[in-house]
file start.pdb (PDB, C-alpha atoms)
ATOM      1  CA  MET D   1      -7.683  -2.653 -12.385
ATOM      2  CA  ALA D   2     -10.121  -4.285  -9.967
ATOM      3  CA  SER D   3     -12.641  -6.766 -11.274
ATOM      4  CA  TYR D   4     -15.674  -5.603  -9.356
ATOM      5  CA  ILE D   5     -18.688  -7.766  -8.593
ATOM      6  CA  MET D   6     -21.543  -6.404 -10.648
ATOM      7  CA  ALA D   7     -24.340  -8.092  -8.757
ATOM      8  CA  SER D   8     -27.534  -7.024  -7.144
ATOM      9  CA  PRO D   9     -27.127  -5.758  -3.563
ATOM     10  CA  ARG D  10     -28.756  -8.931  -2.234
ATOM     11  CA  GLU D  11     -26.010 -11.046  -3.826
ATOM     12  CA  ILE D  12     -23.181  -9.061  -2.244
ATOM     13  CA  PRO D  13     -22.409 -10.357   1.240
ATOM     14  CA  LYS D  14     -23.002  -7.649   3.827
ATOM     15  CA  PRO D  15     -19.615  -6.735   5.326
ATOM     16  CA  THR D  16     -19.133  -6.668   9.078
ATOM     17  CA  ASP D  17     -17.861  -3.486  10.759
ATOM     18  CA  ALA D  18     -14.280  -4.818  10.707
ATOM     19  CA  GLU D  19     -14.619  -5.779   7.040
ATOM     20  CA  LEU D  20     -15.943  -2.298   6.254
ATOM     21  CA  GLN D  21     -12.832  -0.767   7.845
ATOM     22  CA  ILE D  22     -10.652  -2.858   5.548
ATOM     23  CA  LEU D  23     -12.752  -2.028   2.490
ATOM     24  CA  HIS D  24     -12.488   1.695   3.262
ATOM     25  CA  LEU D  25      -8.707   1.403   3.490
ATOM     26  CA  LEU D  26      -8.485  -0.506   0.216
ATOM     27  CA  TRP D  27     -10.776   1.966  -1.575
ATOM     28  CA  GLU D  28      -8.519   4.729  -0.294
ATOM     29  CA  LEU D  29      -5.121   3.089  -0.834
ATOM     30  CA  GLY D  30      -5.760   0.842  -3.839
ATOM     31  CA  PRO D  31      -4.220  -2.642  -4.088
ATOM     32  CA  THR D  32      -2.435  -3.272  -0.794
ATOM     33  CA  THR D  33      -0.707  -5.994   1.209
ATOM     34  CA  VAL D  34      -2.009  -7.341   4.495
ATOM     35  CA  ARG D  35       0.936  -5.706   6.275
ATOM     36  CA  GLN D  36       0.019  -2.259   4.921
ATOM     37  CA  VAL D  37      -3.652  -2.710   5.888
ATOM     38  CA  HIS D  38      -2.646  -3.979   9.320
ATOM     39  CA  GLU D  39      -0.347  -1.001   9.939
ATOM     40  CA  ARG D  40      -3.171   1.421   9.124
ATOM     41  CA  LEU D  41      -5.722  -0.470  11.241
ATOM     42  CA  THR D  42      -3.494  -0.519  14.324
ATOM     43  CA  ILE D  43      -3.228   3.276  14.317
ATOM     44  CA  SER D  44      -6.748   3.462  15.767
ATOM     45  CA  LYS D  45      -7.081   0.042  17.428
ATOM     46  CA  PRO D  46      -4.337  -2.435  18.354
ATOM     47  CA  THR D  47      -4.860  -5.837  16.776
ATOM     48  CA  GLN D  48      -2.789  -8.868  15.852
ATOM     49  CA  TYR D  49      -1.392  -9.255  12.326
ATOM     50  CA  THR D  50      -2.864 -12.757  12.131
ATOM     51  CA  THR D  51      -6.321 -11.326  12.871
ATOM     52  CA  THR D  52      -6.021  -8.916   9.934
ATOM     53  CA  LEU D  53      -4.713 -11.703   7.699
ATOM     54  CA  LYS D  54      -7.542 -14.075   8.635
ATOM     55  CA  LEU D  55     -10.161 -11.358   8.154
ATOM     56  CA  MET D  56      -8.838 -10.541   4.672
ATOM     57  CA  GLN D  57      -8.771 -14.256   3.781
ATOM     58  CA  VAL D  58     -12.406 -14.579   4.872
ATOM     59  CA  MET D  59     -13.299 -11.477   2.849
ATOM     60  CA  THR D  60     -11.654 -13.086  -0.187
ATOM     61  CA  ASP D  61     -13.681 -16.268   0.350
ATOM     62  CA  LYS D  62     -16.865 -14.174   0.630
ATOM     63  CA  GLY D  63     -16.068 -12.430  -2.659
ATOM     64  CA  LEU D  64     -15.447  -8.986  -1.145
ATOM     65  CA  LEU D  65     -11.721  -8.976  -1.945
ATOM     66  CA  GLU D  66      -9.506 -10.306  -4.692
ATOM     67  CA  ARG D  67      -6.012 -11.617  -3.921
ATOM     68  CA  ASP D  68      -3.077 -11.343  -6.337
ATOM     69  CA  GLU D  69      -0.668 -14.141  -5.477
ATOM     70  CA  SER D  70       1.919 -13.345  -8.169
ATOM     71  CA  GLU D  71       4.251 -11.622  -5.673
ATOM     72  CA  ARG D  72       5.711 -12.983  -2.421
ATOM     73  CA  SER D  73       3.509 -10.600  -0.432
ATOM     74  CA  HIS D  74      -0.029 -11.136  -1.625
ATOM     75  CA  VAL D  75      -1.791  -7.982  -2.734
ATOM     76  CA  TYR D  76      -5.486  -7.511  -2.007
ATOM     77  CA  LYS D  77      -7.995  -5.243  -3.710
ATOM     78  CA  PRO D  78     -11.746  -4.808  -3.353
ATOM     79  CA  ARG D  79     -14.074  -6.738  -5.645
ATOM     80  CA  VAL D  80     -16.993  -4.456  -4.773
ATOM     81  CA  LYS D  81     -17.361  -0.767  -5.458
ATOM     82  CA  ARG D  82     -17.861   1.668  -2.631
ATOM     83  CA  ASP D  83     -21.232   2.797  -4.026
ATOM     84  CA  GLN D  84     -22.477  -0.815  -4.157
ATOM     85  CA  ILE D  85     -21.856  -1.229  -0.433
ATOM     86  CA  GLN D  86     -23.243   2.219   0.352
ATOM     87  CA  ARG D  87     -26.465   1.434  -1.511
ATOM     88  CA  GLN D  88     -26.712  -1.953   0.198
ATOM     89  CA  PHE D  89     -26.427  -0.364   3.651
ATOM     90  CA  ALA D  90     -28.719   2.535   2.727
ATOM     91  CA  LYS D  91     -31.394   0.049   1.623
ATOM     92  CA  TYR D  92     -30.969  -1.935   4.828
ATOM     93  CA  VAL D  93     -31.235   1.184   7.012
ATOM     94  CA  LEU D  94     -34.115   2.574   4.948
ATOM     95  CA  ASP D  95     -36.114  -0.639   5.279
ATOM     96  CA  ASN D  96     -35.214  -1.667   8.825
ATOM     97  CA  VAL D  97     -34.786   1.625  10.664
ATOM     98  CA  PHE D  98     -36.934   4.121   8.750
ATOM     99  CA  GLY D  99     -39.798   1.856   7.689
ATOM    100  CA  GLY D 100     -39.052   2.334   3.985
ATOM    101  CA  SER D 101     -39.566   6.112   4.112
ATOM    102  CA  ALA D 102     -36.884   8.025   2.202
ATOM    103  CA  LEU D 103     -38.210  11.266   3.693
ATOM    104  CA  THR D 104     -37.781  10.035   7.265
ATOM    105  CA  LEU D 105     -34.301   8.756   6.407
ATOM    106  CA  MET D 106     -33.259  12.151   4.988
ATOM    107  CA  VAL D 107     -34.733  14.056   7.930
ATOM    108  CA  GLY D 108     -32.880  11.717  10.283
ATOM    109  CA  ALA D 109     -29.610  12.085   8.373
ATOM    110  CA  LEU D 110     -29.835  15.873   8.204
ATOM    111  CA  GLY D 111     -30.757  16.037  11.890
ATOM    112  CA  ALA D 112     -27.878  13.792  12.928
ATOM    113  CA  GLN D 113     -25.154  15.862  11.305
ATOM    114  CA  PRO D 114     -25.290  19.276   9.626
ATOM    115  CA  ALA D 115     -24.815  19.242   5.854
ATOM    116  CA  SER D 116     -22.575  21.754   4.096
ATOM    117  CA  LYS D 117     -23.996  24.213   1.587
ATOM    118  CA  ASN D 118     -22.399  22.181  -1.210
ATOM    119  CA  GLU D 119     -23.981  18.965   0.068
ATOM    120  CA  LEU D 120     -27.400  20.625   0.277
ATOM    121  CA  ASP D 121     -27.000  21.983  -3.267
ATOM    122  CA  GLU D 122     -26.058  18.495  -4.491
ATOM    123  CA  LEU D 123     -29.074  16.986  -2.696
ATOM    124  CA  ARG D 124     -31.365  19.544  -4.367
ATOM    125  CA  LYS D 125     -29.870  18.651  -7.756
ATOM    126  CA  LEU D 126     -30.278  14.907  -7.116
ATOM    127  CA  ILE D 127     -33.896  15.405  -6.056
ATOM    128  CA  GLU D 128     -34.588  17.478  -9.161
ATOM    129  CA  ASP D 129     -32.903  14.899 -11.415
ATOM    130  CA  HIS D 130     -34.891  12.154  -9.732
ATOM    131  CA  ARG D 131     -38.071  14.125 -10.233
ATOM    132  CA  LYS D 132     -37.257  14.398 -13.967
ATOM    133  CA  GLY D 133     -36.649  10.646 -14.167
ATOM    134  CA  ALA D 134     -32.847  10.739 -14.367
ATOM    135  CA  LYS D 135     -30.666   8.597 -12.106
TER     136      LYS D 135
END

call {"tool": "encode", "arguments": {"input": "start.pdb", "output": "structure tokens"}}
result
Amino acid sequence: MASYIMASPREIPKPTDAELQILHLLWELGPTTVRQVHERLTISKPTQYTTTLKLMQVMTDKGLLERDESERSHVYKPRVKRDQIQRQFAKYVLDNVFGGSALTLMVGALGAQPASKNELDELRKLIEDHRKGAK
């Protein structure tokens, strides 16, 4: 089981685009070797194995990944939860792109890509829960 960083969003280093790709793969696949991550990454964009290795080593140093060295092939897993990173980026976008306005952010998001009926129903429920003081 992953030992996630339970820190405030400001304490979690903001991942780069390449680091986000790796985090998404690890959230999807679970604990994984560099080779497995590299194979998945090269499906969409050719890259060198050493580049993937170095990136995952840097992510470990930054506290985004945890490395299990008990096997010959080191196994990496995320130290941050997906929702922690999503909230961190949402806060950044909210503050720096939408001037702190949640309404403008939602209008922009809904205008950029249509939401399904289920997503709209879930948004209504979240808004209602928020209105009632629940999180």

call {"tool": "closest_residue", "arguments": {"input": "start.pdb", "among": "D:Arg40, D:Lys62, D:Arg72, D:Lys132", "to": "Thr16 of chain D", "atoms": "all atoms listed in the file"}}
result
D:Lys62

call {"tool": "atom_distance", "arguments": {"input": "start.pdb", "atom1": "atom CA of Gln21 of chain D", "atom2": "atom CA of Ser101 of chain D"}}
result
27.9 Å

call {"tool": "resolve_selection", "arguments": {"input": "start.pdb", "expression": "the PyMOL selection byres ((chain D and resi 19) around 10)", "output": "PDB file with C-alpha atoms, in the frame of the given file"}}
result
ATOM      1  CA  LYS D  14     -23.002  -7.649   3.827  1.00  0.00           C
ATOM      2  CA  PRO D  15     -19.615  -6.735   5.326  1.00  0.00           C
ATOM      3  CA  THR D  16     -19.133  -6.668   9.078  1.00  0.00           C
ATOM      4  CA  ASP D  17     -17.861  -3.486  10.759  1.00  0.00           C
ATOM      5  CA  ALA D  18     -14.280  -4.818  10.707  1.00  0.00           C
ATOM      6  CA  LEU D  20     -15.943  -2.298   6.254  1.00  0.00           C
ATOM      7  CA  GLN D  21     -12.832  -0.767   7.845  1.00  0.00           C
ATOM      8  CA  ILE D  22     -10.652  -2.858   5.548  1.00  0.00           C
ATOM      9  CA  LEU D  23     -12.752  -2.028   2.490  1.00  0.00           C
ATOM     10  CA  HIS D  24     -12.488   1.695   3.262  1.00  0.00           C
ATOM     11  CA  LEU D  25      -8.707   1.403   3.490  1.00  0.00           C
ATOM     12  CA  THR D  52      -6.021  -8.916   9.934  1.00  0.00           C
ATOM     13  CA  LEU D  55     -10.161 -11.358   8.154  1.00  0.00           C
ATOM     14  CA  MET D  56      -8.838 -10.541   4.672  1.00  0.00           C
ATOM     15  CA  VAL D  58     -12.406 -14.579   4.872  1.00  0.00           C
ATOM     16  CA  MET D  59     -13.299 -11.477   2.849  1.00  0.00           C
ATOM     17  CA  LEU D  64     -15.447  -8.986  -1.145  1.00  0.00           C
ATOM     18  CA  LEU D  65     -11.721  -8.976  -1.945  1.00  0.00           C
TER      19      LEU D  65
END

call {"tool": "atom_distance", "arguments": {"input": "start.pdb", "atom1": "atom CA of Arg79 of chain D", "atom2": "atom CA of Ile127 of chain D"}}
result
29.7 Å

call {"tool": "atom_distance", "arguments": {"input": "start.pdb", "atom1": "atom CA of Lys77 of chain D", "atom2": "atom CA of Leu26 of chain D"}}
result
6.2 Å

call {"tool": "closest_residue", "arguments": {"input": "start.pdb", "among": "D:Asn96, D:Thr60, D:Gln88, D:Thr51", "to": "Tyr76 of chain D", "atoms": "all atoms listed in the file"}}
result
D:Thr60
